[in-house]
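Okay, data.cif is below, mmCIF, C-alpha atoms:
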```cif
data_query
#
loop_
_atom_site.label_atom_id
_atom_site.label_comp_id
_atom_site.auth_asym_id
_atom_site.auth_seq_id
_atom_site.Cartn_x
_atom_site.Cartn_y
_atom_site.Cartn_z
CA MET A 1 -131.74 -25.00 -222.73
CA ARG A 2 -130.50 -22.32 -225.12
CA ASP A 3 -132.33 -19.61 -223.17
CA GLN A 4 -130.67 -20.81 -220.03
CA TYR A 5 -127.40 -20.66 -221.92
CA GLN A 6 -127.90 -17.03 -222.98
CA VAL A 7 -128.73 -16.17 -219.38
CA GLN A 8 -125.48 -17.80 -218.22
CA LEU A 9 -123.47 -15.99 -220.85
CA ALA A 10 -124.96 -12.64 -219.87
CA GLY A 11 -124.38 -13.57 -216.23
CA LEU A 12 -120.67 -13.98 -216.93
CA GLY A 13 -120.49 -10.48 -218.45
CA ASP A 14 -122.40 -9.10 -215.48
CA ALA A 15 -120.06 -10.83 -213.03
CA LEU A 16 -117.08 -9.13 -214.68
CA ALA A 17 -118.90 -5.80 -214.77
CA ASP A 18 -119.63 -6.10 -211.05
CA MET A 19 -115.96 -6.78 -210.45
CA CYS A 20 -115.16 -3.58 -212.34
CA LEU A 21 -117.53 -1.57 -210.16
CA GLU A 22 -115.94 -3.08 -207.09
CA VAL A 23 -112.42 -2.12 -208.16
CA ALA A 24 -113.67 1.36 -209.14
CA THR A 25 -114.82 1.87 -205.56
CA ALA A 26 -111.56 0.41 -204.28
CA VAL A 27 -109.38 2.84 -206.24
CA GLU A 28 -111.61 5.76 -205.25
CA ARG A 29 -111.32 4.89 -201.58
CA ALA A 30 -107.61 4.17 -201.83
CA THR A 31 -107.05 7.55 -203.45
CA ARG A 32 -109.04 9.31 -200.74
CA ALA A 33 -107.09 7.38 -198.09
CA LEU A 34 -103.89 8.54 -199.76
CA LEU A 35 -104.91 12.18 -200.07
CA GLU A 36 -106.47 12.51 -196.63
CA ALA A 37 -104.25 10.08 -194.71
CA ASP A 38 -107.45 8.22 -193.78
CA LEU A 39 -106.37 4.99 -192.10
CA GLN A 40 -109.84 3.54 -191.75
CA LEU A 41 -110.54 3.94 -195.43
CA ALA A 42 -107.20 2.36 -196.29
CA GLU A 43 -108.08 -0.64 -194.10
CA GLN A 44 -111.43 -0.94 -195.85
CA VAL A 45 -109.71 -1.24 -199.21
CA ILE A 46 -107.23 -3.76 -197.84
CA THR A 47 -109.90 -6.07 -196.42
CA GLY A 48 -112.17 -5.44 -199.42
CA ASP A 49 -109.59 -6.94 -201.75
CA LEU A 50 -110.48 -10.41 -200.50
CA ARG A 51 -113.96 -9.88 -201.86
CA ILE A 52 -112.55 -8.94 -205.25
CA ASP A 53 -110.53 -12.17 -205.26
CA ASP A 54 -113.75 -14.05 -204.45
CA LEU A 55 -115.52 -12.35 -207.33
CA ARG A 56 -112.78 -13.48 -209.68
CA ARG A 57 -113.12 -17.04 -208.42
CA ASP A 58 -116.86 -16.75 -209.00
CA ALA A 59 -116.44 -15.40 -212.55
CA GLU A 60 -114.00 -18.19 -213.35
CA ALA A 61 -116.39 -20.79 -211.97
CA ARG A 62 -119.10 -19.41 -214.24
CA ALA A 63 -116.78 -19.59 -217.25
CA PHE A 64 -115.79 -23.12 -216.29
CA GLY A 65 -119.43 -24.14 -215.94
CA LEU A 66 -120.34 -22.66 -219.31
CA LEU A 67 -117.51 -24.48 -221.05
CA ALA A 68 -118.14 -27.79 -219.31
CA LEU A 69 -121.92 -27.86 -219.71
CA GLN A 70 -122.66 -25.83 -222.83
CA SER A 71 -119.57 -26.24 -225.04
CA PRO A 72 -119.98 -22.83 -226.68
CA VAL A 73 -118.60 -22.28 -230.19
CA ALA A 74 -117.66 -19.34 -232.40
CA THR A 75 -118.24 -15.90 -230.86
CA ASP A 76 -119.60 -17.33 -227.63
CA LEU A 77 -116.42 -19.30 -227.11
CA ARG A 78 -114.41 -16.13 -227.71
CA VAL A 79 -116.57 -14.37 -225.12
CA VAL A 80 -115.81 -16.99 -222.50
CA ILE A 81 -112.08 -17.10 -223.19
CA ALA A 82 -111.94 -13.29 -223.14
CA ALA A 83 -113.79 -13.37 -219.81
CA ILE A 84 -111.11 -15.61 -218.31
CA HIS A 85 -108.38 -13.19 -219.38
CA SER A 86 -110.36 -10.17 -218.22
CA ALA A 87 -111.13 -11.61 -214.79
CA GLY A 88 -107.36 -11.67 -214.26
CA ASP A 89 -106.98 -8.06 -215.38
CA ILE A 90 -109.75 -6.82 -213.13
CA GLU A 91 -108.42 -8.70 -210.12
CA ARG A 92 -105.07 -7.06 -210.78
CA MET A 93 -106.77 -3.65 -210.78
CA GLY A 94 -107.99 -4.49 -207.30
CA ASP A 95 -104.45 -5.44 -206.26
CA LEU A 96 -103.14 -2.11 -207.53
CA ALA A 97 -105.78 -0.21 -205.54
CA LEU A 98 -104.67 -2.32 -202.59
CA HIS A 99 -101.05 -1.20 -203.12
CA VAL A 100 -102.17 2.44 -203.00
CA ALA A 101 -104.08 1.79 -199.79
CA ARG A 102 -101.06 0.05 -198.26
CA ALA A 103 -98.85 3.04 -199.09
CA ALA A 104 -101.35 5.28 -197.29
CA ARG A 105 -101.35 2.94 -194.30
CA ARG A 106 -97.57 2.57 -194.20
CA ARG A 107 -97.03 6.33 -193.86
CA HIS A 108 -99.98 7.02 -191.57
CA PRO A 109 -100.45 9.53 -189.93
CA HIS A 110 -98.05 11.31 -192.26
CA PRO A 111 -99.27 12.27 -195.70
CA VAL A 112 -97.52 10.38 -198.50
CA LEU A 113 -97.86 13.16 -201.03
CA PRO A 114 -96.34 16.62 -200.96
CA ASP A 115 -98.73 19.39 -201.95
CA GLU A 116 -97.41 19.89 -205.47
CA VAL A 117 -98.42 16.39 -206.60
CA ARG A 118 -101.68 15.96 -204.67
CA GLY A 119 -103.75 17.37 -207.48
CA TYR A 120 -102.27 14.93 -209.98
CA PHE A 121 -103.11 11.95 -207.81
CA ALA A 122 -106.63 13.20 -207.15
CA GLU A 123 -107.12 13.35 -210.89
CA MET A 124 -105.50 9.97 -211.51
CA GLY A 125 -107.86 8.45 -208.94
CA THR A 126 -110.85 10.02 -210.69
CA ILE A 127 -109.74 8.81 -214.12
CA ALA A 128 -108.95 5.33 -212.82
CA ALA A 129 -112.40 4.92 -211.29
CA ALA A 130 -114.04 6.32 -214.44
CA LEU A 131 -112.11 3.84 -216.59
CA ALA A 132 -113.23 0.91 -214.46
CA ARG A 133 -116.87 2.06 -214.62
CA LYS A 134 -116.66 2.49 -218.39
CA ALA A 135 -115.16 -0.97 -218.68
CA ALA A 136 -118.17 -2.27 -216.70
CA THR A 137 -120.54 -0.63 -219.18
CA VAL A 138 -118.62 -2.02 -222.14
CA LEU A 139 -118.73 -5.53 -220.62
CA ARG A 140 -122.49 -5.30 -220.12
CA THR A 141 -123.43 -3.64 -223.41
CA ARG A 142 -120.57 -4.79 -225.71
CA ASP A 143 -120.74 -1.26 -227.09
CA VAL A 144 -117.67 -0.85 -229.31
CA ASP A 145 -117.93 2.96 -229.37
CA ALA A 146 -117.99 3.11 -225.60
CA ALA A 147 -114.87 0.93 -225.61
CA ALA A 148 -113.07 3.47 -227.79
CA SER A 149 -113.77 6.20 -225.23
CA LEU A 150 -111.50 4.45 -222.74
CA GLU A 151 -108.51 5.18 -224.92
CA ALA A 152 -108.82 8.95 -224.42
CA ASP A 153 -109.01 8.56 -220.65
CA ASP A 154 -105.97 6.34 -220.76
CA ASP A 155 -104.06 9.02 -222.69
CA ALA A 156 -105.01 11.51 -219.98
CA MET A 157 -103.64 9.08 -217.40
CA ASP A 158 -100.37 8.74 -219.29
CA ASP A 159 -100.07 12.54 -219.49
CA LEU A 160 -100.55 12.87 -215.74
CA HIS A 161 -98.01 10.15 -215.13
CA ARG A 162 -95.47 12.00 -217.29
CA HIS A 163 -96.21 15.31 -215.52
CA ILE A 164 -95.51 13.73 -212.17
CA PHE A 165 -92.15 12.53 -213.41
CA SER A 166 -91.23 16.01 -214.58
CA VAL A 167 -92.16 17.40 -211.15
CA LEU A 168 -89.92 14.83 -209.43
CA MET A 169 -87.02 15.55 -211.79
CA ALA A 170 -87.29 19.34 -211.62
CA PRO A 171 -84.45 21.15 -209.82
CA GLY A 172 -87.04 22.67 -207.50
CA TRP A 173 -88.02 19.28 -206.02
CA SER A 174 -87.31 19.73 -202.32
CA HIS A 175 -88.73 16.60 -200.74
CA GLY A 176 -85.82 14.31 -201.27
CA VAL A 177 -85.43 10.80 -202.62
CA GLY A 178 -87.75 8.80 -200.33
CA PRO A 179 -90.98 10.58 -201.26
CA ALA A 180 -89.90 10.65 -204.92
CA VAL A 181 -89.58 6.85 -204.88
CA ASP A 182 -92.98 6.42 -203.23
CA ILE A 183 -94.58 8.76 -205.72
CA THR A 184 -92.93 6.99 -208.66
CA LEU A 185 -94.31 3.63 -207.59
CA LEU A 186 -97.74 5.08 -206.80
CA GLY A 187 -97.87 6.73 -210.21
CA ARG A 188 -97.02 3.41 -211.76
CA PHE A 189 -99.88 1.68 -209.89
CA TYR A 190 -102.41 4.11 -211.37
CA GLU A 191 -100.96 3.82 -214.82
CA ARG A 192 -101.09 0.02 -214.71
CA TYR A 193 -104.63 0.13 -213.33
CA ALA A 194 -105.67 2.17 -216.36
CA ASP A 195 -103.84 -0.17 -218.75
CA HIS A 196 -105.77 -3.15 -217.43
CA ALA A 197 -109.11 -1.34 -217.83
CA VAL A 198 -108.22 -0.50 -221.42
CA THR A 199 -107.20 -4.10 -222.10
CA VAL A 200 -110.55 -5.35 -220.77
CA ALA A 201 -112.40 -2.98 -223.11
CA ARG A 202 -110.18 -3.87 -226.08
CA ARG A 203 -110.94 -7.51 -225.56
CA VAL A 204 -114.66 -6.81 -225.81
CA VAL A 205 -114.03 -5.03 -229.13
CA TYR A 206 -112.08 -8.08 -230.26
CA VAL A 207 -114.92 -10.40 -229.33
CA VAL A 208 -117.48 -8.26 -231.15
CA THR A 209 -115.50 -7.33 -234.25
CA GLY A 210 -112.96 -10.14 -234.45
CA ARG A 211 -110.21 -7.52 -234.53
CA MET A 212 -108.04 -6.22 -231.75
CA PRO A 213 -107.99 -2.39 -231.73
CA GLY A 214 -104.48 -2.14 -230.34
CA PRO A 215 -101.80 -4.06 -228.53
CA LEU A 216 -103.19 -6.30 -225.85
CA ALA A 217 -100.49 -5.80 -223.32
CA VAL A 218 -100.09 -2.07 -223.11
CA MET B 219 -108.18 -32.30 -241.58
CA ALA B 220 -109.17 -33.85 -238.29
CA PRO B 221 -108.01 -31.88 -235.27
CA PRO B 222 -105.38 -33.55 -233.08
CA ALA B 223 -106.58 -35.64 -230.15
CA LEU B 224 -107.03 -33.88 -226.83
CA PRO B 225 -103.96 -35.36 -225.08
CA GLN B 226 -101.85 -34.11 -227.97
CA LEU B 227 -103.30 -30.61 -227.70
CA LEU B 228 -102.73 -30.60 -223.96
CA ASP B 229 -99.11 -31.58 -224.48
CA GLN B 230 -98.76 -28.84 -227.06
CA LEU B 231 -100.06 -26.33 -224.54
CA SER B 232 -97.52 -27.43 -221.93
CA ASP B 233 -94.77 -27.26 -224.50
CA LEU B 234 -95.77 -23.77 -225.68
CA LEU B 235 -95.90 -22.48 -222.11
CA ALA B 236 -92.49 -23.98 -221.36
CA ARG B 237 -91.08 -22.26 -224.44
CA MET B 238 -92.59 -18.97 -223.32
CA CYS B 239 -90.92 -19.47 -219.92
CA THR B 240 -87.56 -20.06 -221.57
CA GLU B 241 -88.08 -17.03 -223.79
CA ALA B 242 -88.86 -14.89 -220.72
CA ALA B 243 -85.73 -16.18 -218.97
CA THR B 244 -83.58 -15.37 -222.01
CA SER B 245 -85.04 -11.86 -222.27
CA LEU B 246 -84.47 -11.19 -218.59
CA ARG B 247 -80.89 -12.40 -218.76
CA GLY B 248 -80.21 -10.27 -221.84
CA ALA B 249 -81.84 -7.23 -220.26
CA THR B 250 -79.83 -7.65 -217.06
CA THR B 251 -76.54 -8.04 -218.92
CA GLY B 252 -77.41 -5.04 -221.08
CA LEU B 253 -78.17 -3.03 -217.98
CA LEU B 254 -75.16 -3.96 -215.87
CA GLU B 255 -72.47 -4.34 -218.48
CA GLY B 256 -73.48 -1.44 -220.67
CA ARG B 257 -74.15 -3.79 -223.58
CA LEU B 258 -76.31 -1.37 -225.49
CA ARG B 259 -76.86 -3.51 -228.59
CA LEU B 260 -78.00 -6.43 -226.48
CA ALA B 261 -80.38 -4.18 -224.53
CA GLU B 262 -81.76 -2.78 -227.79
CA LYS B 263 -82.31 -6.26 -229.11
CA VAL B 264 -84.28 -7.31 -226.02
CA ALA B 265 -86.21 -4.03 -225.92
CA GLY B 266 -87.23 -4.25 -229.57
CA ASP B 267 -88.02 -7.91 -229.99
CA ASP B 268 -91.28 -9.30 -228.69
CA GLY B 269 -92.08 -11.27 -231.84
CA MET B 270 -91.40 -14.72 -230.44
CA MET B 271 -93.42 -14.10 -227.27
CA ARG B 272 -96.39 -12.77 -229.22
CA SER B 273 -96.35 -15.65 -231.63
CA LEU B 274 -96.14 -18.25 -228.85
CA ARG B 275 -98.95 -16.55 -227.02
CA GLY B 276 -101.06 -16.58 -230.17
CA ASP B 277 -100.32 -20.29 -230.50
CA VAL B 278 -101.48 -20.95 -226.91
CA GLU B 279 -104.73 -19.13 -227.65
CA ARG B 280 -105.26 -21.10 -230.85
CA VAL B 281 -104.46 -24.51 -229.40
CA ALA B 282 -106.62 -23.79 -226.34
CA THR B 283 -109.50 -22.73 -228.59
CA ASP B 284 -109.11 -25.90 -230.69
CA ALA B 285 -109.10 -28.04 -227.56
CA LEU B 286 -112.32 -26.39 -226.33
CA LEU B 287 -113.99 -26.36 -229.72
CA PHE B 288 -113.28 -29.90 -230.90
CA HIS B 289 -113.10 -31.82 -227.66
CA ALA B 290 -115.27 -29.93 -225.16
CA PRO B 291 -113.03 -31.12 -222.32
CA VAL B 292 -114.41 -31.34 -218.80
CA ALA B 293 -113.02 -31.57 -215.27
CA GLY B 294 -109.23 -31.87 -215.04
CA ASP B 295 -108.66 -31.48 -218.78
CA LEU B 296 -110.74 -28.31 -218.88
CA ARG B 297 -108.85 -26.95 -215.89
CA ARG B 298 -105.62 -27.63 -217.70
CA VAL B 299 -106.70 -25.71 -220.81
CA LEU B 300 -107.86 -22.73 -218.77
CA ALA B 301 -104.70 -22.72 -216.66
CA ALA B 302 -102.71 -22.52 -219.90
CA VAL B 303 -104.81 -19.56 -221.08
CA ARG B 304 -104.20 -17.74 -217.81
CA SER B 305 -100.52 -18.60 -217.60
CA SER B 306 -99.92 -17.27 -221.10
CA ASP B 307 -101.07 -13.86 -219.81
CA ASP B 308 -98.49 -14.05 -217.03
CA LEU B 309 -95.77 -15.09 -219.44
CA GLU B 310 -96.50 -12.34 -221.89
CA ARG B 311 -96.29 -9.91 -219.00
CA MET B 312 -92.91 -11.35 -217.96
CA GLY B 313 -91.68 -10.62 -221.46
CA VAL B 314 -92.95 -7.02 -221.23
CA LEU B 315 -91.22 -6.53 -217.87
CA ALA B 316 -87.92 -7.84 -219.22
CA ARG B 317 -88.30 -5.38 -222.10
CA HIS B 318 -88.93 -2.51 -219.66
CA ILE B 319 -85.61 -3.34 -217.99
CA ALA B 320 -83.87 -3.37 -221.36
CA GLU B 321 -85.56 -0.06 -222.30
CA THR B 322 -84.19 1.54 -219.15
CA ALA B 323 -80.70 0.38 -220.11
CA VAL B 324 -81.15 1.85 -223.57
CA ARG B 325 -82.56 5.13 -222.27
CA ARG B 326 -79.62 5.48 -219.90
CA ASP B 327 -77.29 4.69 -222.75
CA GLY B 328 -76.20 1.48 -221.13
CA VAL B 329 -74.39 3.12 -218.25
CA GLY B 330 -75.32 4.94 -215.11
CA ALA B 331 -78.83 3.54 -214.67
CA VAL B 332 -77.57 1.45 -211.79
CA PRO B 333 -74.94 2.89 -209.42
CA GLU B 334 -72.16 0.72 -208.10
CA PRO B 335 -73.50 -0.15 -204.61
CA VAL B 336 -76.72 -1.72 -205.92
CA ARG B 337 -75.27 -3.47 -208.96
CA PRO B 338 -74.66 -6.81 -207.20
CA ALA B 339 -78.28 -6.80 -206.01
CA PHE B 340 -79.53 -6.32 -209.57
CA ALA B 341 -77.20 -9.04 -210.84
CA GLU B 342 -78.73 -11.30 -208.21
CA MET B 343 -82.27 -10.27 -209.15
CA GLY B 344 -81.48 -11.12 -212.75
CA ARG B 345 -80.16 -14.54 -211.72
CA VAL B 346 -83.07 -15.32 -209.41
CA GLY B 347 -85.63 -14.12 -211.98
CA ALA B 348 -84.18 -16.19 -214.80
CA ALA B 349 -83.91 -19.24 -212.53
CA LEU B 350 -87.57 -18.83 -211.54
CA ALA B 351 -88.60 -18.65 -215.19
CA HIS B 352 -86.61 -21.79 -215.97
CA LYS B 353 -88.16 -23.57 -213.03
CA ALA B 354 -91.59 -22.43 -214.23
CA ALA B 355 -90.78 -24.09 -217.58
CA GLU B 356 -90.05 -27.29 -215.69
CA VAL B 357 -93.26 -26.92 -213.67
CA VAL B 358 -95.52 -26.48 -216.69
CA ARG B 359 -93.78 -29.33 -218.51
CA THR B 360 -93.84 -31.84 -215.66
CA ARG B 361 -96.85 -30.44 -213.75
CA ASN B 362 -94.92 -31.38 -210.64
CA VAL B 363 -96.67 -29.87 -207.63
CA LEU B 364 -93.70 -30.16 -205.30
CA LEU B 365 -91.51 -28.31 -207.77
CA ALA B 366 -94.19 -25.60 -207.98
CA ILE B 367 -94.11 -25.21 -204.22
CA GLU B 368 -90.34 -25.01 -204.34
CA LEU B 369 -90.62 -22.22 -206.92
CA ASP B 370 -92.90 -20.31 -204.60
CA ARG B 371 -90.25 -20.52 -201.90
CA ASP B 372 -87.48 -19.50 -204.26
CA ASP B 373 -89.40 -16.28 -204.87
CA ASP B 374 -88.79 -15.27 -201.24
CA ALA B 375 -85.22 -14.42 -202.27
CA MET B 376 -86.55 -11.92 -204.81
CA ASP B 377 -88.85 -10.34 -202.24
CA VAL B 378 -85.92 -9.89 -199.87
CA LEU B 379 -83.80 -8.29 -202.60
CA HIS B 380 -86.63 -5.94 -203.56
CA GLN B 381 -87.30 -5.00 -199.94
CA ARG B 382 -83.61 -4.26 -199.34
CA MET B 383 -83.45 -2.13 -202.45
CA TYR B 384 -86.35 -0.08 -201.14
CA GLU B 385 -84.59 0.38 -197.82
CA VAL B 386 -81.40 1.51 -199.57
CA LEU B 387 -83.41 4.10 -201.51
CA MET B 388 -85.18 5.32 -198.37
CA ASP B 389 -81.86 5.84 -196.56
CA PRO B 390 -81.40 9.61 -196.28
CA SER B 391 -77.73 9.17 -197.17
CA TRP B 392 -78.51 7.93 -200.72
CA PRO B 393 -76.00 10.00 -202.72
CA HIS B 394 -77.14 9.40 -206.31
CA GLY B 395 -80.04 11.82 -206.54
CA VAL B 396 -83.69 11.51 -207.43
CA ALA B 397 -83.48 10.55 -211.11
CA VAL B 398 -81.30 7.50 -210.44
CA ALA B 399 -83.41 6.54 -207.42
CA VAL B 400 -86.54 6.60 -209.56
CA ASP B 401 -84.95 4.33 -212.16
CA VAL B 402 -83.66 1.95 -209.50
CA ALA B 403 -87.08 1.80 -207.81
CA LEU B 404 -88.84 0.96 -211.06
CA LEU B 405 -86.20 -1.55 -212.13
CA SER B 406 -86.44 -3.33 -208.80
CA ARG B 407 -90.19 -3.39 -209.17
CA TYR B 408 -89.93 -4.93 -212.67
CA TYR B 409 -87.77 -7.77 -211.38
CA GLU B 410 -90.09 -8.37 -208.46
CA ARG B 411 -93.15 -8.46 -210.72
CA PHE B 412 -91.38 -10.78 -213.15
CA ALA B 413 -90.87 -13.20 -210.27
CA ASP B 414 -94.46 -12.77 -209.06
CA HIS B 415 -95.74 -13.90 -212.44
CA ALA B 416 -93.54 -17.00 -212.31
CA VAL B 417 -95.12 -17.78 -208.94
CA LEU B 418 -98.60 -17.27 -210.40
CA ILE B 419 -97.80 -19.82 -213.10
CA ALA B 420 -96.74 -22.29 -210.43
CA GLU B 421 -99.97 -21.57 -208.52
CA GLU B 422 -102.02 -22.10 -211.66
CA THR B 423 -100.34 -25.43 -212.19
CA VAL B 424 -100.98 -26.57 -208.63
CA ALA B 425 -104.61 -25.48 -208.85
CA GLU B 426 -105.00 -27.24 -212.17
CA VAL B 427 -103.40 -30.51 -211.04
CA THR B 428 -104.94 -30.72 -207.58
CA GLY B 429 -108.23 -28.91 -208.16
CA GLN B 430 -107.41 -26.89 -205.06
CA HIS B 431 -106.86 -23.21 -205.28
CA SER B 432 -104.37 -21.62 -202.99
CA HIS B 433 -103.05 -18.11 -203.29
CA ASP B 434 -100.23 -19.08 -201.05
CA LEU B 435 -98.57 -22.29 -202.05
CA ALA B 436 -96.92 -22.45 -198.65
CA ASP B 437 -100.43 -23.14 -197.30
CA LEU B 438 -100.31 -26.39 -199.16
CA MET B 439 -97.27 -27.50 -197.23
CA GLY B 440 -99.55 -27.95 -194.23
CA VAL B 441 -101.93 -30.28 -196.01
CA ASP B 442 -101.48 -33.87 -197.02
CA LEU B 443 -100.33 -33.48 -200.60
CA THR B 444 -100.49 -37.17 -201.35
CA ALA B 445 -104.14 -37.25 -200.37
CA LEU B 446 -104.71 -34.15 -202.47
CA LEU B 447 -103.05 -35.65 -205.50
CA ASP B 448 -104.87 -38.97 -205.09
CA GLY B 449 -108.11 -37.05 -205.12
CA ALA B 450 -107.19 -35.19 -208.31
CA ASP B 451 -108.61 -36.10 -211.67
CA PRO B 452 -106.43 -38.56 -213.58
CA ALA B 453 -104.34 -36.48 -215.96
#
```
Hey, can you dump this file as structure tokens for me?
Amino acid sequence: MRDQYQVQLAGLGDALADMCLEVATAVERATRALLEADLQLAEQVITGDLRIDDLRRDAEARAFGLLALQSPVATDLRVVIAAIHSAGDIERMGDLALHVARAARRRHPHPVLPDEVRGYFAEMGTIAAALARKAATVLRTRDVDAAASLEADDDAMDDLHRHIFSVLMAPGWSHGVGPAVDITLLGRFYERYADHAVTVARRVVYVVTGRMPGPLAV
Amino acid sequence: MAPPALPQLLDQLSDLLARMCTEAATSLRGATTGLLEGRLRLAEKVAGDDGMMRSLRGDVERVATDALLFHAPVAGDLRRVLAAVRSSDDLERMGVLARHIAETAVRRDGVGAVPEPVRPAFAEMGRVGAALAHKAAEVVRTRNVLLAIELDRDDDAMDVLHQRMYEVLMDPSWPHGVAVAVDVALLSRYYERFADHAVLIAEETVAEVTGQHSHDLADLMGVDLTALLDGADPA
């Protein structure tokens, strides 16, 4: 019975980790769709989001089953409650990737991004996907040191986000208000995506150590 | 000391969530007034004060943990505990979004963040957002499914306001420059997200009461709600 229980608990962590890998792919594809005005790729992300929602439902069903049938206590109970919070965060990461894909689709066949910010978004996409993959590893291994490494990536994301703002506000900005608004919102989507990944990792640290390494809602 | 009985803990959870809703509504109203009327001190107060929200959220987590630990609830009761856990995430986020609005007011020194032509729209967003949060309080307190569905419909007004704001910004004749447009775009987004979270709370409540999950509460209008509710676990 207990063995079965440990298997179920590990299965819950794996389900969340799989969700993370799924949203990592989603943000990668959405970024490529954005940079290359690739409509097909954007559509893939948009339809793929339904699968991410299903995965959340599945993770929640696992958590529900564990609580109903096994009545975990102490750390295990913290793990399950954390999993319920984190499933929400990861689903939201998928939604944010979806927003990026929709922006790419809305402007198709025109590129959304002027040349001077393309590089920033390419990098934000790379960091976002890396954060989601690291969060997956942290969920599987409960490695507190690995969790700390997400913070540095998140700082890099914040720096990029700030740089983009300074480009938009510079007197030399020649693309007008419309693209600036799109870019502002897109930048925000990436920043929020990263925040959610960091929150997921922080929650694992909390479960393992009993202490939260920073504010939960960044 | 013996832990409280499960029904008591469940009531506490509803009460805590309702208080978080009211807190979110108050923050949003303060932030909006700070933003539109240049009330800098009010904006600073909203921007700097998340103590109540954090403490209520901590209470939800503790009461939910107690309920799970001491009573090992199943079925409808378990759903109710988990819905509270999830909704407290949404509510905390609503508080953060209200603070972002207040921070913008502070950063812009209380004036100039919002140019004249779009001020009425923001006033309306503030009203709609606060009303949604108050209705969410009512929904979590009464667990009234019909009220939850009504809340979902009320949110359409926010979506329309947000969409119009975007169109105004995309109009090539926008005369207020990029910096103001960027602020307006983000502000509008904060209000829209605030409302989205209120809708998510309503959805959580419907899912918890009926055992049916629907990402679009309007879907539920097509089904026989009475049958659905009869089939739900006795609360």
Answer key for the PyMOL selection byres ((chain B and resi 392-406) around 6), residues as a list in words: Val177 and Val181 of chain A; His380, Asp389, Pro390, Ser391, Arg407, Tyr408 and Tyr409 of chain B
Resolved residues for the PyMOL selection byres ((chain A and resi 121) around 10) as a list in words: Thr31, Arg32, Leu34, Leu35, Leu113, Val117, Arg118, Gly119, Tyr120, Ala122, Glu123, Met124, Gly125, Thr126, Ile127, Leu160, His161, Ile164, Ile183, Leu186, Gly187 and Tyr190 of chain A
For C-alpha atoms, I'd like the residues from the last selection saved as a JSON list (two decimals), keeping the file's coordinate frame.
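again.json written:
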```
[["chain", "number", "residue", "atom", "x", "y", "z"],
["A", 31, "THR", "CA", -107.05, 7.55, -203.45],
["A", 32, "ARG", "CA", -109.04, 9.31, -200.74],
["A", 34, "LEU", "CA", -103.89, 8.54, -199.76],
["A", 35, "LEU", "CA", -104.91, 12.18, -200.07],
["A", 113, "LEU", "CA", -97.86, 13.16, -201.03],
["A", 117, "VAL", "CA", -98.42, 16.39, -206.60],
["A", 118, "ARG", "CA", -101.68, 15.96, -204.67],
["A", 119, "GLY", "CA", -103.75, 17.37, -207.48],
["A", 120, "TYR", "CA", -102.27, 14.93, -209.98],
["A", 122, "ALA", "CA", -106.63, 13.20, -207.15],
["A", 123, "GLU", "CA", -107.12, 13.35, -210.89],
["A", 124, "MET", "CA", -105.50, 9.97, -211.51],
["A", 125, "GLY", "CA", -107.86, 8.45, -208.94],
["A", 126, "THR", "CA", -110.85, 10.02, -210.69],
["A", 127, "ILE", "CA", -109.74, 8.81, -214.12],
["A", 160, "LEU", "CA", -100.55, 12.87, -215.74],
["A", 161, "HIS", "CA", -98.01, 10.15, -215.13],
["A", 164, "ILE", "CA", -95.51, 13.73, -212.17],
["A", 183, "ILE", "CA", -94.58, 8.76, -205.72],
["A", 186, "LEU", "CA", -97.74, 5.08, -206.80],
["A", 187, "GLY", "CA", -97.87, 6.73, -210.21],
["A", 190, "TYR", "CA", -102.41, 4.11, -211.37]]
```
Could you list, as a list in words, every residue within 7 Å of region 57-60 of chain A, counting all atoms listed in the file and ignoring same-chain residues fewer than 4 positions away?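 In the requested format, the answer is Leu12, Ala15, Leu16, Asp53, Phe64, Ile84 and Ala87 of chain A.
Taking CA of Leu228 (chain B) as the reference point, CA of Ala355 (chain B) is found at 15.0 Å.
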One decimal, in Å: what's the spacing between CA of Arg411 (chain B) and CA of Met376 (chain B)? 9.5 Å
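Closest approach to Leu258 (chain B) among B:Thr322, B:Ser273, B:Asn362, B:Gln230: B:Thr322, based on only C-alpha atoms.
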When the PyMOL selection byres ((chain A) within 8 of (chain B)) is applied to the file above, which residues end up in the set, as a list of chain:residue names?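 Applying the expression gives A:Phe64, A:Leu67, A:Ala68, A:Ser71, A:Pro72, A:Val73, A:Leu77, A:Ile81, A:Ile84, A:His85, A:Gly88, A:Leu168, A:Met169, A:Gly176, A:Val177, A:Gly178, A:Ala180, A:Val181, A:Thr184, A:Leu185, A:Ala217.
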List the neighbours of Leu253 (chain B) out to 10 Å using all atoms listed in the file; skip same-chain residues closer than 3 positions along the sequence, and give me the result as a compact mmCIF listing (two decimals) with C-alpha atoms, in the coordinates of the input.
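Once written, selection-v4.txt looks like this:
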```
# COMPACT_ATOMS: atom_id res chain seq x y z
CA ARG B 247 -80.89 -12.40 -218.76
CA GLY B 248 -80.21 -10.27 -221.84
CA ALA B 249 -81.84 -7.23 -220.26
CA THR B 250 -79.83 -7.65 -217.06
CA GLY B 256 -73.48 -1.44 -220.67
CA ARG B 257 -74.15 -3.79 -223.58
CA LEU B 258 -76.31 -1.37 -225.49
CA LEU B 260 -78.00 -6.43 -226.48
CA ALA B 261 -80.38 -4.18 -224.53
CA ILE B 319 -85.61 -3.34 -217.99
CA ALA B 320 -83.87 -3.37 -221.36
CA GLU B 321 -85.56 -0.06 -222.30
CA THR B 322 -84.19 1.54 -219.15
CA ALA B 323 -80.70 0.38 -220.11
CA VAL B 324 -81.15 1.85 -223.57
CA ARG B 326 -79.62 5.48 -219.90
CA ASP B 327 -77.29 4.69 -222.75
CA GLY B 328 -76.20 1.48 -221.13
CA VAL B 329 -74.39 3.12 -218.25
CA GLY B 330 -75.32 4.94 -215.11
CA ALA B 331 -78.83 3.54 -214.67
CA VAL B 332 -77.57 1.45 -211.79
CA ARG B 337 -75.27 -3.47 -208.96
CA PHE B 340 -79.53 -6.32 -209.57
CA ALA B 341 -77.20 -9.04 -210.84
```
